[in-house]
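Take a look at the structure set out below.
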Amino acid sequence: MKNSIVFAIAFSLTGIFASAQNFEKQAPVGFDQIKQNIPHGKIDSIQYPSKTVGTVRKALVYTPPGFNKNKKYPVLYLLHGIGGDEKEWYKNGTPQIILDNLYSEGKLIPMIVVLPNGRAMKDDRATGNIMAKDKVEAFATFEKDLLNDLIPFVEKKFPVKKDRENRAIAGLSMGGGQTLNFGLGNIDKFAWVGGFSSAPNTKEPQVLLPDPQKAKELKLIWISCGDADGLMPFSKRTSDYLRQNKIPHILYIEPGGHDFKVWKNDLYIFSQLIFKSVDQSAFPNFTVLGIPAESNIRNAQFPQILSNGQAIFRVKAPEAQKVQIDLGKKYDLTKDQDGIWKTTTDSLSEGFHYYSLVIDNVAVADPSSKTFYGMGRYASGIEVPFAGDGYYAMKDVPHGEIRIQSFFSKVTNSWRRVFIYTPPGYDKNQNEKYPVLYILHGGGEDESGWAMQGKTNFILDNLIAEGKAKPMIIVMPDVNIGPAGFGSFGARNLQMFDKELKESVIPFTESNFRVKKDAANRALAGLSMGGIYTLHTGVQNSDMFSSLGVFSSGWILPSLQEVADSEYKFMNDNKEKINSNIKNFWISMGGKEDIAYKNCQVMMKKLDELGIKYSYSEYPGGHTWPVWRNNLYNFAQLLFKDSK
């Protein structure tokens, strides 16, 4: 990737350390070239007895310029890749040159660096089939050799500090996997851990850190990878797990592939971080590039998401005069000499965001992103991961299906489309019938909203696998019916949807899917506009539903005062029936920043006056999909608990 398009962050690393030194985000030109007029460290070969392997093994040791045997030093253990040995870093990564140059600039804490052979077997040469089973297994055996043989030898023969706070481990590729395995697996032995382009030998994070909070004892977890490296998923997997569990760490993404250009840069940066006081709150800002958004189309590298929630956009439009990204807030892009427009946004809130490209004042979908029907049209979408998003992640659990069906509506006299989620095992369990939740989208969206933006299938798959929700069918119809615009909320549209649901959607579902047909096994929910439809249809037909979920909604006042008054009159006249029939009348809101918040508060006050029973929940995030996903996650756990 050309330097001209590496524009991820314009930030200073000043302040990440208590020493307030300045650190480059990438190594400068010449960082790995010998400088003659500076003090130099020394590389020596050592041999140590290994009880683990049953032989004498070799390693290299770098001692810093001005090494003094009467002074004690911290130690970095630096591991090689699957095709290397103890000399790989020395020959290809030139750590002695990189570190000498850093010492000359006063950027390092003086340290001893040990470069071992991580292939712990009697014939540990990198010859023959390096992927042979015994040679690969020897990399795992090295953990015992490192802890029981090499470290004790180094601490006996060299003036080193012996506590974990003065012991670091780092490595590249296979050695990166070893680093994460050994470092995170032995937190009592290491305080500084750096995995560079970690290989598939990296253990799954749940195995590596069954108690993830233990990792908070580490001073630094560094995970780095080149943006063009095919091994990126292993680094991302570990970082995602740490993020989900709110463990401070650095995910450092840089331009490059799986090579020493990347690993030299990693050593240059990582070595400056260790054995110093750190400000972990600055970790999210410490990167060059980001991770491609999961909402990108196949192989699209941009937009990218940075650890701090900023997004990087790149658009090739050499003939355009002006390009913007519209994320609610508009960002101007700047064009480089290759006709590539680029910008980095502010930190975005967690979860899903609609956005558009605006090219010469024309709003279009980004060809690098998946499109979603929202805002009354197809638009691009970008997903910002956050620590609490695991409940809608794709996991290794049984999966249900999203099915797209068409039915003929007697109300509109036309064919209408519906999305239907069937739970895991639906096709195999031919004798089983399921309860059903009918769930409604919001204004400007359509029947695809809950399936695409809402991630309904993943939420239910995970809940069912954890035993937190009963297997159920979820029907996602199109609520757009009758006059569009503000008329969507009026009495005519409410009555039309009520009629369509009862006369077309429910009969279609009950004729074509194995669903239980009684009210105890039927629920209705909706967000925003769909919440208003839920209020009308669910309350007016309380004998048909046992649960109602109203997400980010409430009668829009004063515009819908007449409609609201009519609904409240019905509630007042039928409150005993409503309270008896509706077991879960669940109202939720995205906090005070939700645009429906005030209307909802007025509505609940009125429900209190009428004596209508309900429960209320808030999840911060405003009027957005992260809120509604969380609403479904919680609401689904309440459903059909007492049904048969």
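We name chains A, B, ... following the order of the structure tokens; residues begin at 1 in each chain, and ligands are numbered from 1 as shown.
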
Assign secondary structure with DSSP using the backbone only, and return the residues of segment 58-288 of chain A in alpha helix (DSSP H) as a PyMOL selection string.
chain A and resi 88+95-104+133-145+151-157+174-185+205-208+232-244+260-273

What's the 9 Å shell around Tyr438 of chain A, counting only C-alpha atoms, without same-chain residues fewer than 6 positions away, as a PDB file with C-alpha atoms, in the first residue's frame?
ATOM      1  CA  ILE A 473     -40.513 -18.913  14.644  1.00  0.00           C
ATOM      2  CA  ILE A 474     -40.186 -15.192  13.952  1.00  0.00           C
ATOM      3  CA  VAL A 475     -42.250 -13.597  11.207  1.00  0.00           C
ATOM      4  CA  MET A 476     -41.070 -10.252   9.803  1.00  0.00           C
ATOM      5  CA  PRO A 477     -43.769  -8.703   7.572  1.00  0.00           C
ATOM      6  CA  ILE A 506     -51.096 -14.960  10.326  1.00  0.00           C
ATOM      7  CA  ARG A 522     -48.247 -15.850  19.798  1.00  0.00           C
ATOM      8  CA  ALA A 523     -46.428 -12.535  20.444  1.00  0.00           C
ATOM      9  CA  LEU A 524     -46.185  -9.194  18.639  1.00  0.00           C
ATOM     10  CA  ALA A 525     -43.411  -6.579  18.781  1.00  0.00           C
ATOM     11  CA  GLY A 526     -42.145  -3.634  16.776  1.00  0.00           C
TER      12      GLY A 526
END

If you count only C-alpha atoms, which residues fall within 12 Å of Ser271 of chain A, apart from same-chain ones fewer than 2 positions away, as number ranges by chain?
A: 23, 27, 74-78, 95-96, 98-103, 107-113, 168-171, 192-194, 220, 222, 263-269, 273-276

Which of segment 356-593 of chain A fall in strand (DSSP E), as a PyMOL selection string
chain A and resi 356-359+362-364+371-374+377-384+401-409+414-422+436-440+473-476+522-527+547-551+584-589

Can you write out the residues you just picked, keeping C-alpha atoms, as a PDB file, in the first residue's frame?
ATOM      1  CA  SER A 356     -24.173   7.417   1.882  1.00  0.00           C
ATOM      2  CA  LEU A 357     -21.486   8.678  -0.440  1.00  0.00           C
ATOM      3  CA  VAL A 358     -22.257  12.155  -1.696  1.00  0.00           C
ATOM      4  CA  ILE A 359     -20.438  12.645  -5.001  1.00  0.00           C
ATOM      5  CA  VAL A 362     -25.597  13.212  -5.464  1.00  0.00           C
ATOM      6  CA  ALA A 363     -26.164  10.690  -2.648  1.00  0.00           C
ATOM      7  CA  VAL A 364     -25.269   7.140  -3.713  1.00  0.00           C
ATOM      8  CA  THR A 371     -26.589  -2.102   1.074  1.00  0.00           C
ATOM      9  CA  PHE A 372     -29.581  -2.059   3.401  1.00  0.00           C
ATOM     10  CA  TYR A 373     -33.092  -0.754   2.915  1.00  0.00           C
ATOM     11  CA  GLY A 374     -33.309   2.155   5.324  1.00  0.00           C
ATOM     12  CA  ARG A 377     -34.150   3.811   0.139  1.00  0.00           C
ATOM     13  CA  TYR A 378     -31.189   1.508  -0.229  1.00  0.00           C
ATOM     14  CA  ALA A 379     -28.160   2.876   1.600  1.00  0.00           C
ATOM     15  CA  SER A 380     -24.785   1.627   2.724  1.00  0.00           C
ATOM     16  CA  GLY A 381     -24.187   0.414   6.244  1.00  0.00           C
ATOM     17  CA  ILE A 382     -21.204   0.233   8.556  1.00  0.00           C
ATOM     18  CA  GLU A 383     -20.936  -1.810  11.733  1.00  0.00           C
ATOM     19  CA  VAL A 384     -18.880  -0.540  14.684  1.00  0.00           C
ATOM     20  CA  GLU A 401     -32.671 -20.132   8.726  1.00  0.00           C
ATOM     21  CA  ILE A 402     -34.056 -16.922   7.298  1.00  0.00           C
ATOM     22  CA  ARG A 403     -36.632 -17.788   4.644  1.00  0.00           C
ATOM     23  CA  ILE A 404     -38.081 -15.274   2.199  1.00  0.00           C
ATOM     24  CA  GLN A 405     -41.671 -15.994   1.208  1.00  0.00           C
ATOM     25  CA  SER A 406     -44.422 -14.242  -0.719  1.00  0.00           C
ATOM     26  CA  PHE A 407     -48.115 -14.218   0.143  1.00  0.00           C
ATOM     27  CA  PHE A 408     -51.135 -12.637  -1.472  1.00  0.00           C
ATOM     28  CA  SER A 409     -52.602  -9.830   0.616  1.00  0.00           C
ATOM     29  CA  SER A 414     -51.133  -7.620  -4.236  1.00  0.00           C
ATOM     30  CA  TRP A 415     -48.283 -10.012  -3.546  1.00  0.00           C
ATOM     31  CA  ARG A 416     -46.336  -9.073  -0.429  1.00  0.00           C
ATOM     32  CA  ARG A 417     -42.988 -10.351   0.836  1.00  0.00           C
ATOM     33  CA  VAL A 418     -42.263 -11.651   4.333  1.00  0.00           C
ATOM     34  CA  PHE A 419     -39.038 -12.795   6.035  1.00  0.00           C
ATOM     35  CA  ILE A 420     -39.401 -15.775   8.375  1.00  0.00           C
ATOM     36  CA  TYR A 421     -36.857 -17.161  10.842  1.00  0.00           C
ATOM     37  CA  THR A 422     -37.126 -20.866  11.601  1.00  0.00           C
ATOM     38  CA  VAL A 436     -44.349 -17.513  16.890  1.00  0.00           C
ATOM     39  CA  LEU A 437     -43.275 -13.898  17.301  1.00  0.00           C
ATOM     40  CA  TYR A 438     -44.459 -11.356  14.728  1.00  0.00           C
ATOM     41  CA  ILE A 439     -41.974  -8.477  14.715  1.00  0.00           C
ATOM     42  CA  LEU A 440     -42.344  -5.176  12.864  1.00  0.00           C
ATOM     43  CA  ILE A 473     -40.513 -18.913  14.644  1.00  0.00           C
ATOM     44  CA  ILE A 474     -40.186 -15.192  13.952  1.00  0.00           C
ATOM     45  CA  VAL A 475     -42.250 -13.597  11.207  1.00  0.00           C
ATOM     46  CA  MET A 476     -41.070 -10.252   9.803  1.00  0.00           C
ATOM     47  CA  ARG A 522     -48.247 -15.850  19.798  1.00  0.00           C
ATOM     48  CA  ALA A 523     -46.428 -12.535  20.444  1.00  0.00           C
ATOM     49  CA  LEU A 524     -46.185  -9.194  18.639  1.00  0.00           C
ATOM     50  CA  ALA A 525     -43.411  -6.579  18.781  1.00  0.00           C
ATOM     51  CA  GLY A 526     -42.145  -3.634  16.776  1.00  0.00           C
ATOM     52  CA  LEU A 527     -39.738  -0.723  16.760  1.00  0.00           C
ATOM     53  CA  SER A 547     -46.911 -10.665  24.836  1.00  0.00           C
ATOM     54  CA  LEU A 548     -46.388  -7.237  23.296  1.00  0.00           C
ATOM     55  CA  GLY A 549     -43.019  -5.548  22.786  1.00  0.00           C
ATOM     56  CA  VAL A 550     -42.962  -1.819  22.073  1.00  0.00           C
ATOM     57  CA  PHE A 551     -39.435  -0.590  21.228  1.00  0.00           C
ATOM     58  CA  ASN A 584     -45.781  -9.356  29.019  1.00  0.00           C
ATOM     59  CA  PHE A 585     -46.489  -5.764  27.985  1.00  0.00           C
ATOM     60  CA  TRP A 586     -42.845  -4.762  27.578  1.00  0.00           C
ATOM     61  CA  ILE A 587     -41.936  -1.169  26.706  1.00  0.00           C
ATOM     62  CA  SER A 588     -38.323  -0.166  26.057  1.00  0.00           C
ATOM     63  CA  MET A 589     -36.458   2.959  25.096  1.00  0.00           C
TER      64      MET A 589
END

Against segment 223-228 of chain A, which residues of segment 270-338 of chain A fall within 9 Å? For each one I want the closest pair of atoms and the distance in Å (one decimal), counting only C-alpha atoms, rows by chain and increasing residue number, as JSON lines.
{"residue": "A:Thr287", "atom": "CA", "partner": "A:Ser224", "partner_atom": "CA", "distance": 8.9}
{"residue": "A:Leu289", "atom": "CA", "partner": "A:Asp227", "partner_atom": "CA", "distance": 7.5}
{"residue": "A:Gly290", "atom": "CA", "partner": "A:Asp227", "partner_atom": "CA", "distance": 8.2}
{"residue": "A:Ile291", "atom": "CA", "partner": "A:Asp227", "partner_atom": "CA", "distance": 7.9}
{"residue": "A:Gln301", "atom": "CA", "partner": "A:Asp227", "partner_atom": "CA", "distance": 8.6}

Selection from above, N, CA, C and O atoms, as an mmCIF file, in the first residue's frame, can you write it?
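As written to disk, part_16.cif reads:
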data_model
loop_
_atom_site.group_PDB
_atom_site.id
_atom_site.type_symbol
_atom_site.label_atom_id
_atom_site.label_comp_id
_atom_site.auth_asym_id
_atom_site.auth_seq_id
_atom_site.Cartn_x
_atom_site.Cartn_y
_atom_site.Cartn_z
ATOM 1 N N THR A 287 -2.671 2.767 16.491
ATOM 2 C CA THR A 287 -2.658 1.927 15.299
ATOM 3 C C THR A 287 -2.366 2.797 14.094
ATOM 4 O O THR A 287 -2.346 4.027 14.187
ATOM 5 N N LEU A 289 -3.616 1.483 10.689
ATOM 6 C CA LEU A 289 -4.813 1.185 9.917
ATOM 7 C C LEU A 289 -5.847 0.515 10.805
ATOM 8 O O LEU A 289 -5.581 0.216 11.968
ATOM 9 N N GLY A 290 -7.030 0.261 10.244
ATOM 10 C CA GLY A 290 -8.088 -0.403 10.990
ATOM 11 C C GLY A 290 -8.425 -1.754 10.382
ATOM 12 O O GLY A 290 -7.768 -2.226 9.459
ATOM 13 N N ILE A 291 -9.483 -2.352 10.907
ATOM 14 C CA ILE A 291 -9.989 -3.619 10.396
ATOM 15 C C ILE A 291 -11.114 -3.321 9.400
ATOM 16 O O ILE A 291 -11.988 -2.503 9.686
ATOM 17 N N GLN A 301 -11.294 -3.481 1.256
ATOM 18 C CA GLN A 301 -10.464 -3.106 2.400
ATOM 19 C C GLN A 301 -10.989 -1.888 3.148
ATOM 20 O O GLN A 301 -10.672 -1.693 4.322
#

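Atom CA of Leu60 of chain A sits 11.4 Å away from atom CA of Leu150 of chain A.
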
Do you know which residues are at most 10 Å from segment 459-466 of chain A counting only C-alpha atoms, after dropping those on the same chain fewer than 3 positions away, and could you put them as a PyMOL selection string?
chain A and resi 390-401+421-424+454-456+469-474+629-630+632-634+636-637

Output N, CA, C and O atoms of each residue in that selection to a file, as a short mmCIF file (atom, residue, chain, number, x, y, z; two decimals), in the first residue's frame.
data_model
loop_
_atom_site.label_atom_id
_atom_site.label_comp_id
_atom_site.auth_asym_id
_atom_site.auth_seq_id
_atom_site.Cartn_x
_atom_site.Cartn_y
_atom_site.Cartn_z
N GLY A 390 -21.40 -9.41 21.49
CA GLY A 390 -21.24 -10.84 21.26
C GLY A 390 -22.55 -11.60 21.13
O GLY A 390 -22.59 -12.66 20.50
N TYR A 391 -23.62 -11.06 21.67
CA TYR A 391 -24.89 -11.80 21.64
C TYR A 391 -25.49 -11.89 20.25
O TYR A 391 -26.36 -12.72 19.99
N TYR A 392 -25.02 -11.05 19.31
CA TYR A 392 -25.51 -11.19 17.94
C TYR A 392 -24.38 -11.55 16.96
O TYR A 392 -24.51 -11.40 15.75
N ALA A 393 -23.29 -12.09 17.49
CA ALA A 393 -22.20 -12.57 16.64
C ALA A 393 -22.53 -13.97 16.12
O ALA A 393 -23.26 -14.74 16.76
N MET A 394 -21.98 -14.31 14.96
CA MET A 394 -22.12 -15.68 14.47
C MET A 394 -21.18 -16.57 15.28
O MET A 394 -19.98 -16.34 15.34
N LYS A 395 -21.75 -17.58 15.93
CA LYS A 395 -20.97 -18.46 16.79
C LYS A 395 -21.12 -19.91 16.34
O LYS A 395 -21.97 -20.24 15.50
N ASP A 396 -20.29 -20.76 16.90
CA ASP A 396 -20.31 -22.18 16.57
C ASP A 396 -21.43 -22.86 17.36
O ASP A 396 -21.20 -23.60 18.31
N VAL A 397 -22.65 -22.55 16.97
CA VAL A 397 -23.85 -23.12 17.59
C VAL A 397 -24.78 -23.57 16.46
O VAL A 397 -24.60 -23.18 15.31
N PRO A 398 -25.78 -24.39 16.76
CA PRO A 398 -26.75 -24.73 15.71
C PRO A 398 -27.44 -23.47 15.19
O PRO A 398 -27.78 -22.56 15.96
N HIS A 399 -27.64 -23.42 13.89
CA HIS A 399 -28.20 -22.22 13.27
C HIS A 399 -29.56 -22.49 12.65
O HIS A 399 -29.81 -23.54 12.05
N GLY A 400 -30.44 -21.52 12.81
CA GLY A 400 -31.71 -21.54 12.12
C GLY A 400 -31.56 -20.96 10.72
O GLY A 400 -30.45 -20.76 10.23
N GLU A 401 -32.70 -20.66 10.09
CA GLU A 401 -32.67 -20.13 8.73
C GLU A 401 -33.58 -18.91 8.61
O GLU A 401 -34.60 -18.81 9.29
N TYR A 421 -37.94 -16.41 10.19
CA TYR A 421 -36.86 -17.16 10.84
C TYR A 421 -37.42 -18.46 11.39
O TYR A 421 -38.41 -18.46 12.13
N THR A 422 -36.79 -19.57 11.00
CA THR A 422 -37.13 -20.87 11.60
C THR A 422 -35.95 -21.31 12.46
O THR A 422 -34.79 -21.16 12.05
N PRO A 423 -36.19 -21.86 13.64
CA PRO A 423 -35.11 -22.16 14.57
C PRO A 423 -34.31 -23.39 14.16
O PRO A 423 -34.75 -24.15 13.29
N PRO A 424 -33.15 -23.60 14.78
CA PRO A 424 -32.35 -24.80 14.47
C PRO A 424 -33.18 -26.06 14.66
O PRO A 424 -33.95 -26.18 15.62
N GLY A 454 -31.13 -6.04 11.84
CA GLY A 454 -31.44 -6.47 13.20
C GLY A 454 -30.74 -7.73 13.65
O GLY A 454 -30.73 -8.03 14.85
N LYS A 455 -30.20 -8.52 12.70
CA LYS A 455 -29.48 -9.77 13.03
C LYS A 455 -30.33 -10.72 13.87
O LYS A 455 -29.85 -11.39 14.80
N THR A 456 -31.61 -10.77 13.57
CA THR A 456 -32.55 -11.59 14.34
C THR A 456 -32.11 -13.05 14.43
O THR A 456 -32.20 -13.67 15.50
N ALA A 469 -33.79 -18.78 25.58
CA ALA A 469 -35.06 -18.52 24.89
C ALA A 469 -35.59 -19.82 24.32
O ALA A 469 -34.81 -20.72 23.95
N LYS A 470 -36.89 -19.93 24.25
CA LYS A 470 -37.50 -21.13 23.68
C LYS A 470 -37.37 -21.07 22.16
O LYS A 470 -37.45 -19.99 21.55
N PRO A 471 -37.15 -22.21 21.51
CA PRO A 471 -37.16 -22.20 20.05
C PRO A 471 -38.48 -21.64 19.54
O PRO A 471 -39.55 -22.04 20.01
N MET A 472 -38.39 -20.70 18.62
CA MET A 472 -39.60 -20.05 18.12
C MET A 472 -39.42 -19.68 16.66
O MET A 472 -38.29 -19.60 16.15
N ILE A 473 -40.53 -19.46 16.00
CA ILE A 473 -40.51 -18.91 14.64
C ILE A 473 -40.74 -17.41 14.76
O ILE A 473 -41.52 -16.95 15.60
N ILE A 474 -40.02 -16.65 13.95
CA ILE A 474 -40.19 -15.19 13.95
C ILE A 474 -40.59 -14.75 12.55
O ILE A 474 -39.90 -15.03 11.57
N ARG A 629 -31.68 -4.27 18.65
CA ARG A 629 -31.13 -5.63 18.78
C ARG A 629 -31.16 -6.07 20.24
O ARG A 629 -31.53 -7.20 20.55
N ASN A 630 -30.74 -5.17 21.12
CA ASN A 630 -30.74 -5.49 22.53
C ASN A 630 -32.15 -5.69 23.05
O ASN A 630 -32.39 -6.54 23.91
N LEU A 632 -34.70 -6.92 21.33
CA LEU A 632 -35.11 -8.27 20.92
C LEU A 632 -34.44 -9.33 21.80
O LEU A 632 -35.08 -10.30 22.22
N TYR A 633 -33.16 -9.13 22.06
CA TYR A 633 -32.40 -10.07 22.91
C TYR A 633 -33.09 -10.25 24.26
O TYR A 633 -33.24 -11.38 24.74
N ASN A 634 -33.51 -9.18 24.87
CA ASN A 634 -34.13 -9.26 26.19
C ASN A 634 -35.60 -9.70 26.12
O ASN A 634 -36.06 -10.48 26.95
N ALA A 636 -37.09 -11.53 23.82
CA ALA A 636 -37.24 -12.94 23.42
C ALA A 636 -37.10 -13.88 24.61
O ALA A 636 -37.70 -14.97 24.63
N GLN A 637 -36.32 -13.48 25.61
CA GLN A 637 -36.11 -14.34 26.77
C GLN A 637 -37.34 -14.41 27.68
O GLN A 637 -37.43 -15.29 28.53
#

Taking only C-alpha atoms into account, name the residue in A:Ile151, A:Gly467, A:Ala126, A:Val136 that is nearest to Val114 of chain A.
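Counting only C-alpha atoms, the residue closest to Val114 of chain A is A:Ile151.
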
Report as CSV the residues of segment 578-632 of chain A within 12 Å of segment 343-350 of chain A, each with its shortest atom pair and distance in Å (one decimal), using only C-alpha atoms, ordered by chain and increasing residue number.
residue,atom,partner,partner_atom,distance
A:Pro620,CA,A:Glu350,CA,10.5
A:Gly621,CA,A:Ser349,CA,7.9
A:Gly622,CA,A:Ser349,CA,10.1
A:His623,CA,A:Ser349,CA,11.9
A:Thr624,CA,A:Glu350,CA,9.7
A:Trp625,CA,A:Glu350,CA,9.7
A:Pro626,CA,A:Glu350,CA,7.2
A:Val627,CA,A:Glu350,CA,9.9

Pull all heavy atoms from the residues just selected and write them as a CSV table (one decimal), in the first residue's frame.
chain,number,residue,atom,x,y,z
A,620,PRO,N,-29.1,2.4,26.6
A,620,PRO,CA,-28.6,3.6,26.0
A,620,PRO,C,-28.2,3.4,24.6
A,620,PRO,O,-27.7,2.3,24.2
A,620,PRO,CB,-27.5,4.0,26.9
A,620,PRO,CG,-27.0,2.7,27.6
A,620,PRO,CD,-28.3,1.9,27.7
A,621,GLY,N,-28.5,4.4,23.8
A,621,GLY,CA,-28.0,4.3,22.4
A,621,GLY,C,-28.9,5.1,21.4
A,621,GLY,O,-28.7,5.1,20.2
A,622,GLY,N,-30.0,5.7,22.0
A,622,GLY,CA,-30.9,6.5,21.1
A,622,GLY,C,-31.8,5.6,20.2
A,622,GLY,O,-32.2,4.5,20.6
A,623,HIS,N,-32.1,6.2,19.1
A,623,HIS,CA,-33.1,5.6,18.2
A,623,HIS,C,-32.3,4.8,17.1
A,623,HIS,O,-32.3,5.2,15.9
A,623,HIS,CB,-33.9,6.7,17.6
A,623,HIS,CG,-35.3,6.3,17.1
A,623,HIS,ND1,-36.3,6.0,18.0
A,623,HIS,CD2,-35.9,6.1,15.9
A,623,HIS,CE1,-37.4,5.7,17.4
A,623,HIS,NE2,-37.2,5.7,16.0
A,624,THR,N,-31.7,3.7,17.5
A,624,THR,CA,-30.7,3.0,16.6
A,624,THR,C,-30.9,1.5,16.7
A,624,THR,O,-31.4,1.0,17.7
A,624,THR,CB,-29.3,3.4,17.0
A,624,THR,OG1,-29.0,3.0,18.3
A,624,THR,CG2,-29.1,4.9,16.9
A,625,TRP,N,-30.3,0.8,15.8
A,625,TRP,CA,-30.3,-0.6,15.7
A,625,TRP,C,-29.6,-1.3,16.9
A,625,TRP,O,-30.1,-2.4,17.3
A,625,TRP,CB,-29.8,-1.2,14.4
A,625,TRP,CG,-30.9,-1.2,13.4
A,625,TRP,CD1,-31.1,-0.4,12.3
A,625,TRP,CD2,-32.0,-2.1,13.3
A,625,TRP,NE1,-32.2,-0.7,11.6
A,625,TRP,CE2,-32.8,-1.8,12.2
A,625,TRP,CE3,-32.4,-3.2,14.1
A,625,TRP,CZ2,-34.0,-2.5,11.9
A,625,TRP,CZ3,-33.6,-3.9,13.8
A,625,TRP,CH2,-34.3,-3.5,12.7
A,626,PRO,N,-28.5,-0.8,17.4
A,626,PRO,CA,-28.0,-1.4,18.6
A,626,PRO,C,-29.0,-1.5,19.7
A,626,PRO,O,-29.0,-2.5,20.5
A,626,PRO,CB,-26.8,-0.5,19.0
A,626,PRO,CG,-26.4,0.1,17.7
A,626,PRO,CD,-27.6,0.3,16.9
A,627,VAL,N,-29.8,-0.5,19.9
A,627,VAL,CA,-30.8,-0.5,20.9
A,627,VAL,C,-31.9,-1.6,20.6
A,627,VAL,O,-32.2,-2.4,21.5
A,627,VAL,CB,-31.5,0.8,21.1
A,627,VAL,CG1,-32.7,0.8,22.0
A,627,VAL,CG2,-30.5,1.9,21.6

Measuring between only C-alpha atoms, which one of A:Val505, A:Ile82, A:Ala387, A:Val563 shows the shortest distance to Lys246 of chain A?
A:Ala387
